[in-house]
Structure formats: C-alpha cells, structure tokens
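Peer 1: Sharing final05.pdb here; it has PDB, C-alpha atoms, pLDDT in the B column.
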ATOM      1  CA  MET B   1     452.746 182.792-225.989  1.00 57.00           C
ATOM      2  CA  ALA B   2     449.093 182.769-226.872  1.00 60.00           C
ATOM      3  CA  SER B   3     446.814 185.329-225.387  1.00 61.00           C
ATOM      4  CA  PRO B   4     444.020 183.911-223.264  1.00 63.00           C
ATOM      5  CA  GLY B   5     440.550 183.918-224.714  1.00 62.00           C
ATOM      6  CA  PRO B   6     437.808 186.143-223.424  1.00 65.00           C
ATOM      7  CA  VAL B   7     437.066 185.503-219.793  1.00 61.00           C
ATOM      8  CA  THR B   8     433.411 184.922-219.102  1.00 60.00           C
ATOM      9  CA  PRO B   9     432.428 185.890-215.580  1.00 59.00           C
ATOM     10  CA  LYS B  10     430.520 183.442-213.445  1.00 62.00           C
ATOM     11  CA  ALA B  11     426.860 184.067-212.838  1.00 62.00           C
ATOM     12  CA  PRO B  12     426.466 186.939-210.402  1.00 67.00           C
ATOM     13  CA  PHE B  13     425.444 186.193-206.860  1.00 69.00           C
ATOM     14  CA  GLU B  14     421.675 186.386-206.501  1.00 74.00           C
ATOM     15  CA  PRO B  15     420.817 187.414-202.891  1.00 75.00           C
ATOM     16  CA  SER B  16     417.120 186.607-203.302  1.00 76.00           C
ATOM     17  CA  GLN B  17     417.879 182.904-203.845  1.00 74.00           C
ATOM     18  CA  PRO B  18     419.454 180.661-201.180  1.00 69.00           C
ATOM     19  CA  PRO B  19     422.830 179.181-202.081  1.00 71.00           C
ATOM     20  CA  VAL B  20     422.838 175.671-203.472  1.00 73.00           C
ATOM     21  CA  ILE B  21     424.753 173.345-201.170  1.00 75.00           C
ATOM     22  CA  GLU B  22     425.065 169.733-202.207  1.00 77.00           C
ATOM     23  CA  GLY B  23     423.276 167.395-199.784  1.00 73.00           C
ATOM     24  CA  PHE B  24     421.556 170.191-197.877  1.00 72.00           C
ATOM     25  CA  SER B  25     417.860 170.928-197.991  1.00 70.00           C
ATOM     26  CA  PRO B  26     416.931 174.306-196.473  1.00 65.00           C
ATOM     27  CA  SER B  27     413.406 173.155-195.679  1.00 64.00           C
ATOM     28  CA  VAL B  28     412.900 169.929-193.767  1.00 58.00           C
ATOM     29  CA  TYR B  29     409.138 170.330-193.705  1.00 56.00           C
ATOM     30  CA  SER B  30     407.222 170.787-196.918  1.00 58.00           C
ATOM     31  CA  ASN B  31     404.781 173.244-195.366  1.00 69.00           C
ATOM     32  CA  THR B  32     405.487 176.184-193.134  1.00 78.00           C
ATOM     33  CA  GLU B  33     404.070 176.014-189.648  1.00 82.00           C
ATOM     34  CA  ASN B  34     403.046 178.884-187.432  1.00 87.00           C
ATOM     35  CA  PHE B  35     404.041 179.351-183.786  1.00 90.00           C
ATOM     36  CA  LYS B  36     401.063 177.449-182.359  1.00 91.00           C
ATOM     37  CA  GLU B  37     401.577 174.431-184.612  1.00 90.00           C
ATOM     38  CA  LYS B  38     405.302 174.316-183.849  1.00 88.00           C
ATOM     39  CA  PHE B  39     404.674 174.647-180.104  1.00 88.00           C
ATOM     40  CA  LEU B  40     402.168 171.792-180.146  1.00 91.00           C
ATOM     41  CA  ARG B  41     404.499 169.592-182.228  1.00 88.00           C
ATOM     42  CA  LYS B  42     407.444 170.220-179.902  1.00 87.00           C
ATOM     43  CA  THR B  43     405.241 169.596-176.841  1.00 88.00           C
ATOM     44  CA  ARG B  44     404.134 166.266-178.279  1.00 88.00           C
ATOM     45  CA  GLU B  45     407.759 165.318-179.001  1.00 85.00           C
ATOM     46  CA  ASN B  46     408.948 166.102-175.449  1.00 86.00           C
ATOM     47  CA  PRO B  47     406.032 166.779-173.059  1.00 87.00           C
ATOM     48  CA  VAL B  48     408.182 167.009-169.908  1.00 89.00           C
ATOM     49  CA  VAL B  49     409.922 170.261-170.921  1.00 90.00           C
ATOM     50  CA  PRO B  50     406.814 172.505-170.720  1.00 91.00           C
ATOM     51  CA  ILE B  51     405.998 171.000-167.316  1.00 92.00           C
ATOM     52  CA  GLY B  52     409.497 171.904-166.100  1.00 92.00           C
ATOM     53  CA  CYS B  53     409.191 175.412-167.541  1.00 93.00           C
ATOM     54  CA  LEU B  54     405.854 175.955-165.802  1.00 94.00           C
ATOM     55  CA  GLY B  55     407.305 174.661-162.529  1.00 94.00           C
ATOM     56  CA  THR B  56     410.268 177.021-162.856  1.00 95.00           C
ATOM     57  CA  ALA B  57     408.022 179.993-163.587  1.00 96.00           C
ATOM     58  CA  ALA B  58     405.686 179.130-160.706  1.00 96.00           C
ATOM     59  CA  ALA B  59     408.543 178.789-158.195  1.00 95.00           C
ATOM     60  CA  LEU B  60     410.085 182.056-159.370  1.00 95.00           C
ATOM     61  CA  THR B  61     406.783 183.941-159.216  1.00 96.00           C
ATOM     62  CA  TYR B  62     405.857 182.656-155.774  1.00 96.00           C
ATOM     63  CA  GLY B  63     409.411 183.227-154.506  1.00 95.00           C
ATOM     64  CA  LEU B  64     409.349 186.850-155.674  1.00 95.00           C
ATOM     65  CA  TYR B  65     405.919 187.306-154.109  1.00 96.00           C
ATOM     66  CA  CYS B  66     407.214 185.965-150.776  1.00 95.00           C
ATOM     67  CA  PHE B  67     410.285 188.205-151.036  1.00 94.00           C
ATOM     68  CA  HIS B  68     408.059 191.224-151.613  1.00 95.00           C
ATOM     69  CA  ARG B  69     405.926 190.311-148.584  1.00 95.00           C
ATOM     70  CA  GLY B  70     408.996 189.915-146.369  1.00 95.00           C
ATOM     71  CA  HIS B  71     408.886 186.131-145.933  1.00 94.00           C
ATOM     72  CA  SER B  72     412.592 185.528-146.435  1.00 93.00           C
ATOM     73  CA  GLN B  73     412.565 181.859-145.330  1.00 95.00           C
ATOM     74  CA  ARG B  74     409.857 180.935-147.850  1.00 95.00           C
ATOM     75  CA  SER B  75     411.494 183.103-150.531  1.00 94.00           C
ATOM     76  CA  GLN B  76     414.805 181.252-150.103  1.00 95.00           C
ATOM     77  CA  LEU B  77     413.001 177.909-150.289  1.00 95.00           C
ATOM     78  CA  MET B  78     411.257 178.937-153.509  1.00 95.00           C
ATOM     79  CA  MET B  79     414.521 180.109-155.084  1.00 95.00           C
ATOM     80  CA  ARG B  80     416.067 176.723-154.299  1.00 96.00           C
ATOM     81  CA  THR B  81     412.977 175.040-155.702  1.00 95.00           C
ATOM     82  CA  ARG B  82     413.372 177.146-158.848  1.00 95.00           C
ATOM     83  CA  ILE B  83     416.956 175.898-159.255  1.00 96.00           C
ATOM     84  CA  ALA B  84     415.760 172.299-158.913  1.00 96.00           C
ATOM     85  CA  ALA B  85     412.998 172.919-161.490  1.00 95.00           C
ATOM     86  CA  GLN B  86     415.536 174.445-163.879  1.00 95.00           C
ATOM     87  CA  GLY B  87     417.758 171.401-163.461  1.00 95.00           C
ATOM     88  CA  PHE B  88     414.771 169.157-164.167  1.00 94.00           C
ATOM     89  CA  THR B  89     413.993 171.142-167.323  1.00 94.00           C
ATOM     90  CA  VAL B  90     417.571 171.031-168.625  1.00 95.00           C
ATOM     91  CA  THR B  91     417.742 167.291-167.932  1.00 94.00           C
ATOM     92  CA  ALA B  92     414.450 166.783-169.796  1.00 92.00           C
ATOM     93  CA  ILE B  93     415.793 168.742-172.776  1.00 91.00           C
ATOM     94  CA  LEU B  94     419.003 166.704-172.870  1.00 93.00           C
ATOM     95  CA  LEU B  95     417.156 163.400-172.554  1.00 91.00           C
ATOM     96  CA  GLY B  96     414.764 164.472-175.299  1.00 87.00           C
ATOM     97  CA  LEU B  97     417.691 165.330-177.576  1.00 87.00           C
ATOM     98  CA  ALA B  98     419.343 161.995-176.847  1.00 90.00           C
ATOM     99  CA  ALA B  99     416.113 160.110-177.518  1.00 86.00           C
ATOM    100  CA  SER B 100     415.530 161.884-180.825  1.00 83.00           C
ATOM    101  CA  ALA B 101     419.144 161.229-181.859  1.00 85.00           C
ATOM    102  CA  MET B 102     418.755 157.532-181.076  1.00 87.00           C
ATOM    103  CA  LYS B 103     415.411 157.401-182.889  1.00 83.00           C
ATOM    104  CA  SER B 104     416.870 158.946-186.056  1.00 76.00           C
ATOM    105  CA  ARG B 105     419.472 156.175-186.343  1.00 75.00           C
TER     106      ARG B 105
END
I'd like the structure from this file rewritten - as structure tokens, please.

Peer 2:
Amino acid sequence: MASPGPVTPKAPFEPSQPPVIEGFSPSVYSNTENFKEKFLRKTRENPVVPIGCLGTAAALTYGLYCFHRGHSQRSQLMMRTRIAAQGFTVTAILLGLAASAMKSR
C-alpha cells in the first residue's frame, strides 16, 4: 500500500472577504445609498405605504391624547381607526410586493 502524498490544506477562511457563492451578487446596486436616498427610492416605488404609516401614527397619537383627556368614546374610535389604517398599510405593502414581483418577470 502506497503512502499518501503530502496533504496541502485548503486556503484558510478569510473573514474580511465575503464568501464566493456562484450566481449570487452581494451588492445589487453599484453605489451605496444613505438612509435619505433609500427612503426616497422606496417611497417612489410604493407611495401608498408612507401615507398609511402616517395615518396609523396620527390615529394612534390622537387616540392616546383623547384617552389621556378622558374621552373614552373618541379614544375607542381612534383605536379602531388605527387598526383600519394598519390594515391599509399592510395591504399596500403586499400589493407593492406583488406588483414588483410581476414587474421583474
């Protein structure tokens, strides 16, 4: 039986470099974008979502204000309005995802 030749170890793992995965590009965009640029891009892609978020925040804020002032009827109405605004926002997100998936085909 012949003895095996010298075993050469594979290149050591380099944590500073991302792993190479065939068919995967870690950066979709060639340039990095800051928070403001990304927010504006996402708002242009799906403008209904920020409107729903603002409506949710407004209903929540006014509902809490009414609760603090002791107006329980109005507070309950605003909490129900907040739920409706949240539903609107989630629906807008899902429709936006569906539209972008259909557009990419």

Peer 1: Expressed in Å to a single decimal, how great is the separation between atom CA of Gly52 of chain B and atom CA of Arg69 of chain B?

Peer 2: 25.7 Å

Peer 1: Apply the PyMOL selection byres ((chain B and resi 96) around 12) to the file shown and report the selected residues as an MDAnalysis selection string.

Peer 2: chainID B and resid 42:49 89:95 97:103

Peer 1: Given the file shown, determine the residues that the PyMOL selection byres ((chain B and resi 85) around 10) selects; report them as a ChimeraX atom specification.

Peer 2: /B:51-60,79-84,86-91

Peer 1: Can you work out the spacing between atom CA of Ile21 of chain B and atom CA of Arg105 of chain B in Å, to one decimal?

Peer 2: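 Atom CA of Ile21 of chain B sits 23.3 Å away from atom CA of Arg105 of chain B.
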
Peer 1: Quick one: pull the distance between atom CA of Leu77 of chain B and atom CA of Tyr65 of chain B, Å, one decimal.

Peer 2: 12.4 Å

Peer 1: Rank B:Gln76, B:Pro50, B:Gln17, B:Arg41 by their smallest atom-to-atom distance to Tyr62 of chain B, using all atoms listed in the file, and report the top residue only.

Peer 2: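 Ranking B:Gln76, B:Pro50, B:Gln17, B:Arg41 by distance to Tyr62 of chain B, first place goes to B:Gln76.
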
Peer 1: Generate the missing atoms of segment 33-59 of chain B up to N, CA, C and O atoms and report them as an mmCIF file, in the coordinates of the input.

Peer 2:
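rebuild10.cif was written with the following content:
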data_model
loop_
_atom_site.group_PDB
_atom_site.id
_atom_site.type_symbol
_atom_site.label_atom_id
_atom_site.label_comp_id
_atom_site.auth_asym_id
_atom_site.auth_seq_id
_atom_site.Cartn_x
_atom_site.Cartn_y
_atom_site.Cartn_z
ATOM 1 N N GLU B 33 404.951 176.119 -190.800
ATOM 2 C CA GLU B 33 404.070 176.014 -189.648
ATOM 3 C C GLU B 33 404.172 177.285 -188.820
ATOM 4 O O GLU B 33 405.228 177.882 -188.715
ATOM 5 N N ASN B 34 403.048 177.672 -188.248
ATOM 6 C CA ASN B 34 403.046 178.884 -187.432
ATOM 7 C C ASN B 34 403.495 178.535 -186.013
ATOM 8 O O ASN B 34 403.818 177.390 -185.698
ATOM 9 N N PHE B 35 403.528 179.539 -185.144
ATOM 10 C CA PHE B 35 404.041 179.351 -183.786
ATOM 11 C C PHE B 35 403.244 178.303 -183.021
ATOM 12 O O PHE B 35 403.810 177.434 -182.358
ATOM 13 N N LYS B 36 401.916 178.379 -183.108
ATOM 14 C CA LYS B 36 401.063 177.449 -182.359
ATOM 15 C C LYS B 36 401.296 176.003 -182.797
ATOM 16 O O LYS B 36 401.425 175.099 -181.958
ATOM 17 N N GLU B 37 401.356 175.782 -184.108
ATOM 18 C CA GLU B 37 401.577 174.431 -184.612
ATOM 19 C C GLU B 37 402.944 173.890 -184.183
ATOM 20 O O GLU B 37 403.076 172.733 -183.800
ATOM 21 N N LYS B 38 403.965 174.746 -184.252
ATOM 22 C CA LYS B 38 405.302 174.316 -183.849
ATOM 23 C C LYS B 38 405.348 174.020 -182.357
ATOM 24 O O LYS B 38 405.957 173.031 -181.931
ATOM 25 N N PHE B 39 404.701 174.874 -181.544
ATOM 26 C CA PHE B 39 404.674 174.647 -180.104
ATOM 27 C C PHE B 39 403.997 173.325 -179.771
ATOM 28 O O PHE B 39 404.506 172.539 -178.953
ATOM 29 N N LEU B 40 402.870 173.055 -180.408
ATOM 30 C CA LEU B 40 402.168 171.792 -180.146
ATOM 31 C C LEU B 40 402.989 170.584 -180.599
ATOM 32 O O LEU B 40 403.028 169.560 -179.906
ATOM 33 N N ARG B 41 403.666 170.691 -181.738
ATOM 34 C CA ARG B 41 404.499 169.592 -182.228
ATOM 35 C C ARG B 41 405.657 169.322 -181.265
ATOM 36 O O ARG B 41 405.923 168.180 -180.897
ATOM 37 N N LYS B 42 406.318 170.391 -180.824
ATOM 38 C CA LYS B 42 407.444 170.220 -179.902
ATOM 39 C C LYS B 42 406.978 169.682 -178.552
ATOM 40 O O LYS B 42 407.674 168.901 -177.908
ATOM 41 N N THR B 43 405.783 170.094 -178.101
ATOM 42 C CA THR B 43 405.241 169.596 -176.841
ATOM 43 C C THR B 43 404.918 168.111 -176.943
ATOM 44 O O THR B 43 405.147 167.352 -176.002
ATOM 45 N N ARG B 44 404.403 167.687 -178.086
ATOM 46 C CA ARG B 44 404.134 166.266 -178.279
ATOM 47 C C ARG B 44 405.423 165.454 -178.340
ATOM 48 O O ARG B 44 405.466 164.318 -177.880
ATOM 49 N N GLU B 45 406.490 166.038 -178.912
ATOM 50 C CA GLU B 45 407.759 165.318 -179.001
ATOM 51 C C GLU B 45 408.414 165.144 -177.632
ATOM 52 O O GLU B 45 409.020 164.113 -177.368
ATOM 53 N N ASN B 46 408.321 166.168 -176.769
ATOM 54 C CA ASN B 46 408.948 166.102 -175.449
ATOM 55 C C ASN B 46 408.035 166.814 -174.444
ATOM 56 O O ASN B 46 408.242 167.986 -174.139
ATOM 57 N N PRO B 47 407.029 166.123 -173.910
ATOM 58 C CA PRO B 47 406.032 166.779 -173.059
ATOM 59 C C PRO B 47 406.532 167.179 -171.671
ATOM 60 O O PRO B 47 405.868 167.941 -170.977
ATOM 61 N N VAL B 48 407.693 166.718 -171.254
ATOM 62 C CA VAL B 48 408.182 167.009 -169.908
ATOM 63 C C VAL B 48 408.763 168.423 -169.822
ATOM 64 O O VAL B 48 408.729 169.046 -168.770
ATOM 65 N N VAL B 49 409.283 168.946 -170.928
ATOM 66 C CA VAL B 49 409.922 170.261 -170.921
ATOM 67 C C VAL B 49 408.938 171.380 -170.546
ATOM 68 O O VAL B 49 409.256 172.210 -169.687
ATOM 69 N N PRO B 50 407.745 171.449 -171.141
ATOM 70 C CA PRO B 50 406.814 172.505 -170.720
ATOM 71 C C PRO B 50 406.412 172.394 -169.253
ATOM 72 O O PRO B 50 406.213 173.418 -168.586
ATOM 73 N N ILE B 51 406.326 171.178 -168.735
ATOM 74 C CA ILE B 51 405.998 171.000 -167.316
ATOM 75 C C ILE B 51 407.114 171.591 -166.456
ATOM 76 O O ILE B 51 406.846 172.301 -165.478
ATOM 77 N N GLY B 52 408.370 171.336 -166.826
ATOM 78 C CA GLY B 52 409.497 171.904 -166.100
ATOM 79 C C GLY B 52 409.533 173.422 -166.201
ATOM 80 O O GLY B 52 409.841 174.115 -165.222
ATOM 81 N N CYS B 53 409.214 173.953 -167.368
ATOM 82 C CA CYS B 53 409.191 175.412 -167.541
ATOM 83 C C CYS B 53 408.103 176.044 -166.677
ATOM 84 O O CYS B 53 408.332 177.093 -166.054
ATOM 85 N N LEU B 54 406.934 175.427 -166.638
ATOM 86 C CA LEU B 54 405.854 175.955 -165.802
ATOM 87 C C LEU B 54 406.227 175.872 -164.319
ATOM 88 O O LEU B 54 405.940 176.803 -163.552
ATOM 89 N N GLY B 55 406.866 174.787 -163.918
ATOM 90 C CA GLY B 55 407.305 174.661 -162.529
ATOM 91 C C GLY B 55 408.339 175.709 -162.163
ATOM 92 O O GLY B 55 408.289 176.304 -161.071
ATOM 93 N N THR B 56 409.259 175.985 -163.085
ATOM 94 C CA THR B 56 410.268 177.021 -162.856
ATOM 95 C C THR B 56 409.614 178.383 -162.712
ATOM 96 O O THR B 56 409.926 179.154 -161.794
ATOM 97 N N ALA B 57 408.700 178.693 -163.626
ATOM 98 C CA ALA B 57 408.022 179.993 -163.587
ATOM 99 C C ALA B 57 407.182 180.145 -162.317
ATOM 100 O O ALA B 57 407.151 181.228 -161.706
ATOM 101 N N ALA B 58 406.516 179.065 -161.914
ATOM 102 C CA ALA B 58 405.686 179.130 -160.706
ATOM 103 C C ALA B 58 406.547 179.349 -159.461
ATOM 104 O O ALA B 58 406.211 180.178 -158.600
ATOM 105 N N ALA B 59 407.665 178.632 -159.361
ATOM 106 C CA ALA B 59 408.543 178.789 -158.195
ATOM 107 C C ALA B 59 409.148 180.193 -158.160
ATOM 108 O O ALA B 59 409.236 180.814 -157.088
#
